[in-house]
$ cat my_file-v7.pdb   # PDB, C-alpha atoms and all ligand atoms
ATOM      1  CA  MET A 603      15.892   2.490  -6.031
ATOM      2  CA  GLU A 604      14.386   0.481  -3.224
ATOM      3  CA  ILE A 605      11.312   0.081  -1.073
ATOM      4  CA  VAL A 606      11.209   2.517   1.825
ATOM      5  CA  LYS A 607      10.958   0.865   5.230
ATOM      6  CA  TYR A 608       9.465   1.845   8.581
ATOM      7  CA  PRO A 609      10.267   4.213  10.350
ATOM      8  CA  ASP A 610      10.942   6.459   7.323
ATOM      9  CA  PRO A 611       8.741   9.565   7.851
ATOM     10  CA  ILE A 612       7.494   9.560   4.235
ATOM     11  CA  LEU A 613       5.419   6.502   5.167
ATOM     12  CA  MET A 614       3.626   8.476   7.861
ATOM     13  CA  LYS A 615       2.671  11.460   5.684
ATOM     14  CA  LYS A 616      -0.449  12.034   3.629
ATOM     15  CA  ALA A 617       0.522  11.994  -0.056
ATOM     16  CA  LYS A 618      -0.515  14.759  -2.481
ATOM     17  CA  PRO A 619      -3.022  14.289  -5.333
ATOM     18  CA  VAL A 620      -1.594  13.991  -8.837
ATOM     19  CA  ALA A 621      -2.394  17.077 -10.930
ATOM     20  CA  ASN A 622      -0.933  16.009 -14.290
ATOM     21  CA  ILE A 623      -0.441  12.554 -15.676
ATOM     22  CA  ASP A 624       2.887  13.224 -17.351
ATOM     23  CA  GLY A 625       6.124  11.407 -18.084
ATOM     24  CA  ASP A 626       7.154  11.595 -14.429
ATOM     25  CA  ILE A 627       4.040   9.661 -13.457
ATOM     26  CA  GLN A 628       4.706   7.042 -16.157
ATOM     27  CA  ASN A 629       8.254   6.590 -14.821
ATOM     28  CA  LEU A 630       6.958   6.433 -11.275
ATOM     29  CA  VAL A 631       4.449   3.715 -12.188
ATOM     30  CA  ASP A 632       7.110   1.726 -14.065
ATOM     31  CA  ASN A 633       9.502   1.921 -11.133
ATOM     32  CA  MET A 634       6.767   0.952  -8.700
ATOM     33  CA  SER A 635       5.741  -2.101 -10.685
ATOM     34  CA  THR A 636       9.353  -3.250 -11.122
ATOM     35  CA  LEU A 637       9.909  -3.084  -7.380
ATOM     36  CA  MET A 638       6.577  -4.639  -6.480
ATOM     37  CA  TYR A 639       7.113  -7.676  -8.710
ATOM     38  CA  GLN A 640      10.744  -8.010  -7.586
ATOM     39  CA  ALA A 641       9.549  -8.169  -3.998
ATOM     40  CA  SER A 642       6.641 -10.513  -4.865
ATOM     41  CA  GLY A 643       4.218  -7.998  -3.407
ATOM     42  CA  VAL A 644       0.540  -7.709  -4.321
ATOM     43  CA  GLY A 645       0.395  -3.929  -4.034
ATOM     44  CA  LEU A 646       2.517  -0.825  -3.661
ATOM     45  CA  ALA A 647       1.972   2.866  -2.972
ATOM     46  CA  ALA A 648       4.133   5.681  -4.398
ATOM     47  CA  ASN A 649       5.384   6.833  -0.987
ATOM     48  CA  GLN A 650       6.806   3.343  -0.490
ATOM     49  CA  ILE A 651       9.393   4.272  -3.105
ATOM     50  CA  GLY A 652       9.841   7.750  -1.666
ATOM     51  CA  VAL A 653       7.383   9.744  -3.798
ATOM     52  CA  ALA A 654       4.577  11.428  -1.839
ATOM     53  CA  LYS A 655       1.909  11.213  -4.549
ATOM     54  CA  ARG A 656      -1.489   9.551  -4.546
ATOM     55  CA  VAL A 657      -0.603   6.660  -6.835
ATOM     56  CA  ILE A 658      -1.183   3.016  -5.981
ATOM     57  CA  ILE A 659      -0.706  -0.173  -7.962
ATOM     58  CA  PHE A 660      -1.828  -3.705  -7.273
ATOM     59  CA  ASP A 661      -1.938  -7.170  -8.767
ATOM     60  CA  ILE A 662      -3.273  -9.882  -6.519
ATOM     61  CA  ASP A 663      -2.398 -12.497  -9.140
ATOM     62  CA  TYR A 664       1.244 -11.438  -9.055
ATOM     63  CA  LYS A 665       2.645 -14.780 -10.149
ATOM     64  CA  GLU A 666       1.922 -13.948 -13.767
ATOM     65  CA  LYS A 667       3.941 -10.778 -13.676
ATOM     66  CA  GLY A 668       2.362  -7.702 -15.209
ATOM     67  CA  LYS A 669      -0.726  -9.416 -16.560
ATOM     68  CA  ASP A 670      -3.249  -8.006 -14.105
ATOM     69  CA  LEU A 671      -1.545  -4.835 -12.989
ATOM     70  CA  THR A 672      -3.950  -2.081 -12.020
ATOM     71  CA  VAL A 673      -2.736   1.493 -11.662
ATOM     72  CA  LEU A 674      -4.997   3.748  -9.648
ATOM     73  CA  ILE A 675      -4.260   7.458  -9.355
ATOM     74  CA  ASN A 676      -6.051   9.739  -6.872
ATOM     75  CA  PRO A 677      -8.261   6.908  -5.598
ATOM     76  CA  THR A 678     -11.436   7.592  -3.621
ATOM     77  CA  ILE A 679     -13.477   4.986  -1.813
ATOM     78  CA  VAL A 680     -17.108   5.519  -2.782
ATOM     79  CA  LEU A 681     -18.594   2.521  -1.001
ATOM     80  CA  ALA A 682     -17.338   0.173   1.703
ATOM     81  CA  GLU A 683     -19.412  -2.568   3.260
ATOM     82  CA  ASP A 684     -19.198  -5.461   5.707
ATOM     83  CA  ARG A 685     -16.276  -6.457   7.812
ATOM     84  CA  VAL A 686     -13.470  -8.874   7.253
ATOM     85  CA  VAL A 687     -10.367  -9.541   9.332
ATOM     86  CA  SER A 688      -7.245 -11.039   7.862
ATOM     87  CA  GLU A 689      -3.547 -11.403   8.452
ATOM     88  CA  GLU A 690      -1.633  -8.681   6.605
ATOM     89  CA  GLY A 691       2.001  -7.956   5.998
ATOM     90  CA  CYS A 692       3.679  -5.018   4.274
ATOM     91  CA  LEU A 693       6.857  -4.613   2.233
ATOM     92  CA  SER A 694       7.644  -1.467   4.252
ATOM     93  CA  VAL A 695       7.142  -3.240   7.578
ATOM     94  CA  PRO A 696       9.388  -6.297   7.304
ATOM     95  CA  ASP A 697       8.976  -9.281   9.616
ATOM     96  CA  PHE A 698       5.631  -8.113  10.897
ATOM     97  CA  GLU A 699       2.139  -9.497  10.502
ATOM     98  CA  GLY A 700      -1.047  -8.360  12.097
ATOM     99  CA  LYS A 701      -4.742  -9.181  12.060
ATOM    100  CA  ILE A 702      -6.298  -6.118  10.473
ATOM    101  CA  PRO A 703     -10.008  -5.302  10.257
ATOM    102  CA  ARG A 704     -11.115  -4.122   6.809
ATOM    103  CA  LYS A 705     -14.227  -3.742   4.720
ATOM    104  CA  LYS A 706     -15.138  -6.802   2.701
ATOM    105  CA  TYR A 707     -16.696  -5.012  -0.281
ATOM    106  CA  LEU A 708     -15.355  -1.881  -1.844
ATOM    107  CA  LYS A 709     -16.096   0.483  -4.707
ATOM    108  CA  VAL A 710     -13.247   2.783  -5.660
ATOM    109  CA  HIS A 711     -13.022   5.591  -8.140
ATOM    110  CA  GLY A 712      -9.883   7.072  -9.685
ATOM    111  CA  VAL A 713      -7.939   7.442 -12.920
ATOM    112  CA  ASP A 714      -5.585   5.039 -14.635
ATOM    113  CA  ARG A 715      -2.130   5.798 -16.007
ATOM    114  CA  HIS A 716      -3.640   7.193 -19.218
ATOM    115  CA  GLY A 717      -5.867   9.585 -17.319
ATOM    116  CA  LYS A 718      -9.002   7.549 -17.992
ATOM    117  CA  LEU A 719     -11.615   7.475 -15.233
ATOM    118  CA  ILE A 720     -11.991   4.051 -13.685
ATOM    119  CA  ASP A 721     -14.319   2.456 -11.174
ATOM    120  CA  ILE A 722     -13.367  -0.744  -9.459
ATOM    121  CA  GLU A 723     -15.575  -3.111  -7.523
ATOM    122  CA  ALA A 724     -13.637  -5.373  -5.236
ATOM    123  CA  GLU A 725     -14.166  -7.951  -2.555
ATOM    124  CA  ASP A 726     -12.072  -9.976  -0.135
ATOM    125  CA  LEU A 727      -8.337 -10.040  -0.991
ATOM    126  CA  LEU A 728      -8.599  -7.364  -3.681
ATOM    127  CA  ALA A 729     -10.678  -5.102  -1.422
ATOM    128  CA  ILE A 730      -8.219  -5.633   1.439
ATOM    129  CA  CYS A 731      -5.263  -4.884  -0.813
ATOM    130  CA  ILE A 732      -6.790  -1.644  -2.130
ATOM    131  CA  GLN A 733      -7.594  -0.460   1.420
ATOM    132  CA  HIS A 734      -4.036  -1.284   2.490
ATOM    133  CA  GLU A 735      -2.589   0.791  -0.378
ATOM    134  CA  ILE A 736      -4.972   3.721   0.145
ATOM    135  CA  ASP A 737      -3.935   3.625   3.808
ATOM    136  CA  HIS A 738      -0.335   4.053   2.643
ATOM    137  CA  ILE A 739      -1.030   7.244   0.703
ATOM    138  CA  ASP A 740      -2.927   8.533   3.746
ATOM    139  CA  GLY A 741       0.171   7.908   5.874
ATOM    140  CA  THR A 742      -1.266   4.890   7.684
ATOM    141  CA  LEU A 743       0.572   1.602   8.176
ATOM    142  CA  ILE A 744      -0.657  -1.795   9.345
ATOM    143  CA  LEU A 745       1.148  -0.925  12.591
ATOM    144  CA  ASP A 746      -1.500   1.734  13.182
ATOM    145  CA  HIS A 747      -4.223  -0.924  13.152
ATOM    146  CA  VAL A 748      -2.757  -3.188  15.840
ATOM    147  CA  SER A 749      -2.544  -2.790  19.624
ATOM    148  CA  HIS A 750      -0.154  -0.284  21.233
ATOM    149  CA  LEU A 751       1.687  -3.191  22.774
ATOM    150  CA  LYS A 752       2.269  -4.935  19.474
ATOM    151  CA  ARG A 753       3.241  -1.682  17.756
ATOM    152  CA  ASN A 754       5.697  -0.734  20.513
ATOM    153  CA  LEU A 755       7.318  -4.166  20.491
ATOM    154  CA  TYR A 756       7.914  -3.838  16.760
ATOM    155  CA  ARG A 757       9.214  -0.272  17.096
ATOM    156  CA  LYS A 758      11.705  -1.370  19.772
ATOM    157  CA  LYS A 759      12.851  -4.295  17.645
ATOM    158  CA  VAL A 760      13.491  -1.991  14.680
ATOM    159  CA  GLU A 761      15.303   0.558  16.871
ATOM    160  CA  LYS A 762      17.580  -2.176  18.187
ATOM    161  CA  LEU A 763      18.364  -3.386  14.668
ATOM    162  CA  MET A 764      19.102   0.174  13.541
ATOM    163  CA  LYS A 765      21.506   0.695  16.461
ATOM    164  CA  LYS A 766      23.302  -2.530  15.605
ATOM    165  CA  ALA A 767      23.625  -1.491  11.969
ATOM    166  CA  LYS A 768      25.359   1.788  12.911
TER     167      LYS A 768
HETATM  168 NI    NI A 801       2.081  -2.063   2.589
END
$ encode --input "my_file-v7.pdb" --output "structure tokens"
Amino acid sequence: MEIVKYPDPILMKKAKPVANIDGDIQNLVDNMSTLMYQASGVGLAANQIGVAKRVIIFDIDYKEKGKDLTVLINPTIVLAEDRVVSEEGCLSVPDFEGKIPRKKYLKVHGVDRHGKLIDIEAEDLLAICIQHEIDHIDGTLILDHVSHLKRNLYRKKVEKLMKKAK
């Protein structure tokens, strides 16, 4: 089990809503959190571990592992306001950082791992993180938010590395 990296096509596909919160989803969430904390990430989407379902997890205070983990299934953004730009990286896009425009305030709706409805109000880092993860399950990467030039340079670098590895 590992984190899927660009250019794996599963990262570019829109993930499917979760219909039943069953044992498979519990296992998925457990696997996701293990990998996220191992990689010292602040968020992870299910397709980043190869499962095309609308499940995201995040913990912006990741240093205390597991304490503030939020699981959000079938998330919907109900409100997004004001603009903020910050430097973002992604576990699926190694050695890349980009200045990404996001909304500063966010209200999101979804269900937790027990099927309970939850509403989250977020700002700044948390809001950015949630938008980043929802992007993932919509098939969007931080690469899609930067200039063509920057994206192409990264793509070429990855292609070169992949050729070398063969
Ligand atoms: Ni990411």
$ closest_atom_pairs --input "my_file-v7.pdb" --of "region 653-711 of chain A" --to "region 733-753 of chain A" --cutoff "9 Å" --atoms "all atoms listed in the file" --output "CSV"
residue,atom,partner,partner_atom,distance
A:Ala654,CA,A:Ile739,CA,7.4
A:Lys655,CA,A:Ile739,CA,7.2
A:Arg656,CA,A:Ile739,CA,5.8
A:Val657,CA,A:Ile739,CA,7.6
A:Ile658,CA,A:Glu735,CA,6.2
A:Ile659,CA,A:Glu735,CA,7.9
A:Phe660,CA,A:Glu735,CA,8.3
A:Pro677,CA,A:Ile736,CA,7.3
A:Thr678,CA,A:Ile736,CA,8.4
A:Ile679,CA,A:Gln733,CA,8.6
A:Glu690,CA,A:Ile744,CA,7.5
A:Gly691,CA,A:Ile744,CA,7.5
A:Cys692,CA,A:Ile744,CA,7.4
A:Ser694,CA,A:Leu743,CA,8.7
A:Val695,CA,A:Ile744,CA,8.1
A:Phe698,CA,A:Leu745,CA,8.6
A:Glu699,CA,A:Ile744,CA,8.3
A:Gly700,CA,A:Val748,CA,6.6
A:Lys701,CA,A:Val748,CA,7.4
A:Ile702,CA,A:His747,CA,6.2
A:Pro703,CA,A:His747,CA,7.8
A:Arg704,CA,A:Gln733,CA,7.4
A:Lys705,CA,A:Gln733,CA,8.1
A:Leu708,CA,A:Gln733,CA,8.5
$ closest_residue --input "my_file-v7.pdb" --among "A:Ala729, A:Leu763, A:Ala641, A:Ile627" --to "Tyr608 (chain A)" --atoms "all atoms listed in the file"
A:Leu763
$ resolve_selection --input "my_file-v7.pdb" --expression "the PyMOL selection byres (((chain A and resi 637) around 12) and not hetatm)" --output "VMD selection string"
chain A and resid 603 to 606 630 to 636 638 to 648 650 to 651 659 to 660 667 to 668 693 to 694
$ closest_residue --input "my_file-v7.pdb" --among "A:Val653, A:Leu674, A:Val680, A:Val686" --to "Pro611 (chain A)" --atoms "all atoms listed in the file"
A:Val653
$ closest_residue --input "my_file-v7.pdb" --among "A:Lys615, A:Pro696, A:Asp714, A:Tyr756" --to "ligand NI 801 (chain A)" --atoms "only C-alpha atoms and all ligand atoms"
A:Pro696
$ atom_distance --input "my_file-v7.pdb" --atom1 "CA of Tyr664 (chain A)" --atom2 "CA of Asp624 (chain A)"
26.1 Å
$ atom_distance --input "my_file-v7.pdb" --atom1 "CA of Asn622 (chain A)" --atom2 "CA of Asn676 (chain A)"
11.0 Å
$ closest_residue --input "my_file-v7.pdb" --among "A:Lys616, A:Lys607, A:Ala621, A:Asp721" --to "ligand NI 801 (chain A)" --atoms "all atoms listed in the file"
A:Lys607
$ atom_distance --input "my_file-v7.pdb" --atom1 "CA of Lys758 (chain A)" --atom2 "CA of Asp697 (chain A)"
13.2 Å
$ closest_residue --input "my_file-v7.pdb" --among "A:Lys665, A:His711, A:Asn629, A:Ile730" --to "ligand NI 801 (chain A)" --atoms "only C-alpha atoms and all ligand atoms"
A:Ile730
$ closest_residue --input "my_file-v7.pdb" --among "A:Met764, A:Ile722, A:Val687, A:Leu727" --to "Val673 (chain A)" --atoms "only C-alpha atoms"
A:Ile722
$ build_atoms --input "my_file-v7.pdb" --residues "region 603-614 of chain A" --atoms "all heavy atoms" --output "compact mmCIF listing (two decimals), keeping the file's coordinate frame"
# COMPACT_ATOMS: atom_id res chain seq x y z
N MET A 603 17.33 2.47 -6.29
CA MET A 603 15.89 2.49 -6.03
C MET A 603 15.49 1.30 -5.17
O MET A 603 15.79 0.16 -5.50
CB MET A 603 15.17 2.40 -7.37
CG MET A 603 13.76 2.87 -7.32
SD MET A 603 13.00 2.83 -8.96
CE MET A 603 13.11 1.10 -9.41
N GLU A 604 14.86 1.60 -4.04
CA GLU A 604 14.39 0.48 -3.22
C GLU A 604 13.13 0.85 -2.44
O GLU A 604 12.74 2.02 -2.39
CB GLU A 604 15.49 -0.02 -2.29
CG GLU A 604 16.08 1.05 -1.39
CD GLU A 604 17.17 0.48 -0.50
OE1 GLU A 604 18.01 -0.30 -1.00
OE2 GLU A 604 17.17 0.82 0.69
N ILE A 605 12.53 -0.15 -1.84
CA ILE A 605 11.31 0.08 -1.07
C ILE A 605 11.66 0.68 0.28
O ILE A 605 12.53 0.18 0.99
CB ILE A 605 10.51 -1.23 -0.94
CG1 ILE A 605 9.98 -1.63 -2.32
CG2 ILE A 605 9.36 -1.07 0.06
CD1 ILE A 605 9.29 -2.97 -2.38
N VAL A 606 10.99 1.79 0.58
CA VAL A 606 11.21 2.52 1.82
C VAL A 606 10.63 1.71 2.99
O VAL A 606 9.55 1.15 2.89
CB VAL A 606 10.51 3.91 1.73
CG1 VAL A 606 10.54 4.63 3.05
CG2 VAL A 606 11.14 4.75 0.63
N LYS A 607 11.39 1.67 4.08
CA LYS A 607 10.96 0.86 5.23
C LYS A 607 10.61 1.75 6.44
O LYS A 607 11.16 2.84 6.60
CB LYS A 607 12.08 -0.10 5.65
CG LYS A 607 12.60 -0.99 4.51
CD LYS A 607 11.82 -2.26 4.42
CE LYS A 607 12.10 -3.13 3.22
NZ LYS A 607 13.33 -3.09 2.52
N TYR A 608 9.73 1.24 7.28
CA TYR A 608 9.46 1.84 8.58
C TYR A 608 10.79 1.96 9.34
O TYR A 608 11.58 1.02 9.26
CB TYR A 608 8.48 0.95 9.35
CG TYR A 608 8.27 1.35 10.78
CD1 TYR A 608 7.30 2.28 11.11
CD2 TYR A 608 9.06 0.82 11.80
CE1 TYR A 608 7.12 2.66 12.44
CE2 TYR A 608 8.88 1.20 13.12
CZ TYR A 608 7.91 2.11 13.42
OH TYR A 608 7.74 2.50 14.73
N PRO A 609 11.11 3.06 10.02
CA PRO A 609 10.27 4.21 10.35
C PRO A 609 10.51 5.44 9.47
O PRO A 609 10.43 6.56 9.97
CB PRO A 609 10.69 4.50 11.79
CG PRO A 609 12.16 4.16 11.83
CD PRO A 609 12.38 3.10 10.78
N ASP A 610 10.76 5.29 8.19
CA ASP A 610 10.94 6.46 7.32
C ASP A 610 9.70 7.36 7.38
O ASP A 610 8.58 6.88 7.18
CB ASP A 610 11.18 5.99 5.89
CG ASP A 610 11.68 7.10 5.00
OD1 ASP A 610 11.00 8.15 4.90
OD2 ASP A 610 12.75 6.92 4.40
N PRO A 611 9.89 8.66 7.67
CA PRO A 611 8.74 9.56 7.85
C PRO A 611 7.83 9.70 6.63
O PRO A 611 6.65 10.03 6.78
CB PRO A 611 9.37 10.91 8.20
CG PRO A 611 10.84 10.77 8.05
CD PRO A 611 11.19 9.33 7.97
N ILE A 612 8.36 9.41 5.42
CA ILE A 612 7.49 9.56 4.24
C ILE A 612 6.32 8.57 4.28
O ILE A 612 5.26 8.81 3.70
CB ILE A 612 8.29 9.43 2.91
CG1 ILE A 612 7.47 10.03 1.75
CG2 ILE A 612 8.69 7.98 2.63
CD1 ILE A 612 8.24 10.34 0.51
N LEU A 613 6.50 7.50 5.04
CA LEU A 613 5.42 6.50 5.17
C LEU A 613 4.31 6.98 6.10
O LEU A 613 3.21 6.43 6.10
CB LEU A 613 5.99 5.18 5.71
CG LEU A 613 7.00 4.46 4.82
CD1 LEU A 613 7.63 3.31 5.58
CD2 LEU A 613 6.33 3.96 3.54
N MET A 614 4.61 8.00 6.89
CA MET A 614 3.63 8.48 7.86
C MET A 614 2.95 9.77 7.41
O MET A 614 2.19 10.37 8.17
CB MET A 614 4.31 8.71 9.22
CG MET A 614 4.44 7.45 10.06
SD MET A 614 5.69 6.28 9.49
CE MET A 614 6.92 6.43 10.79
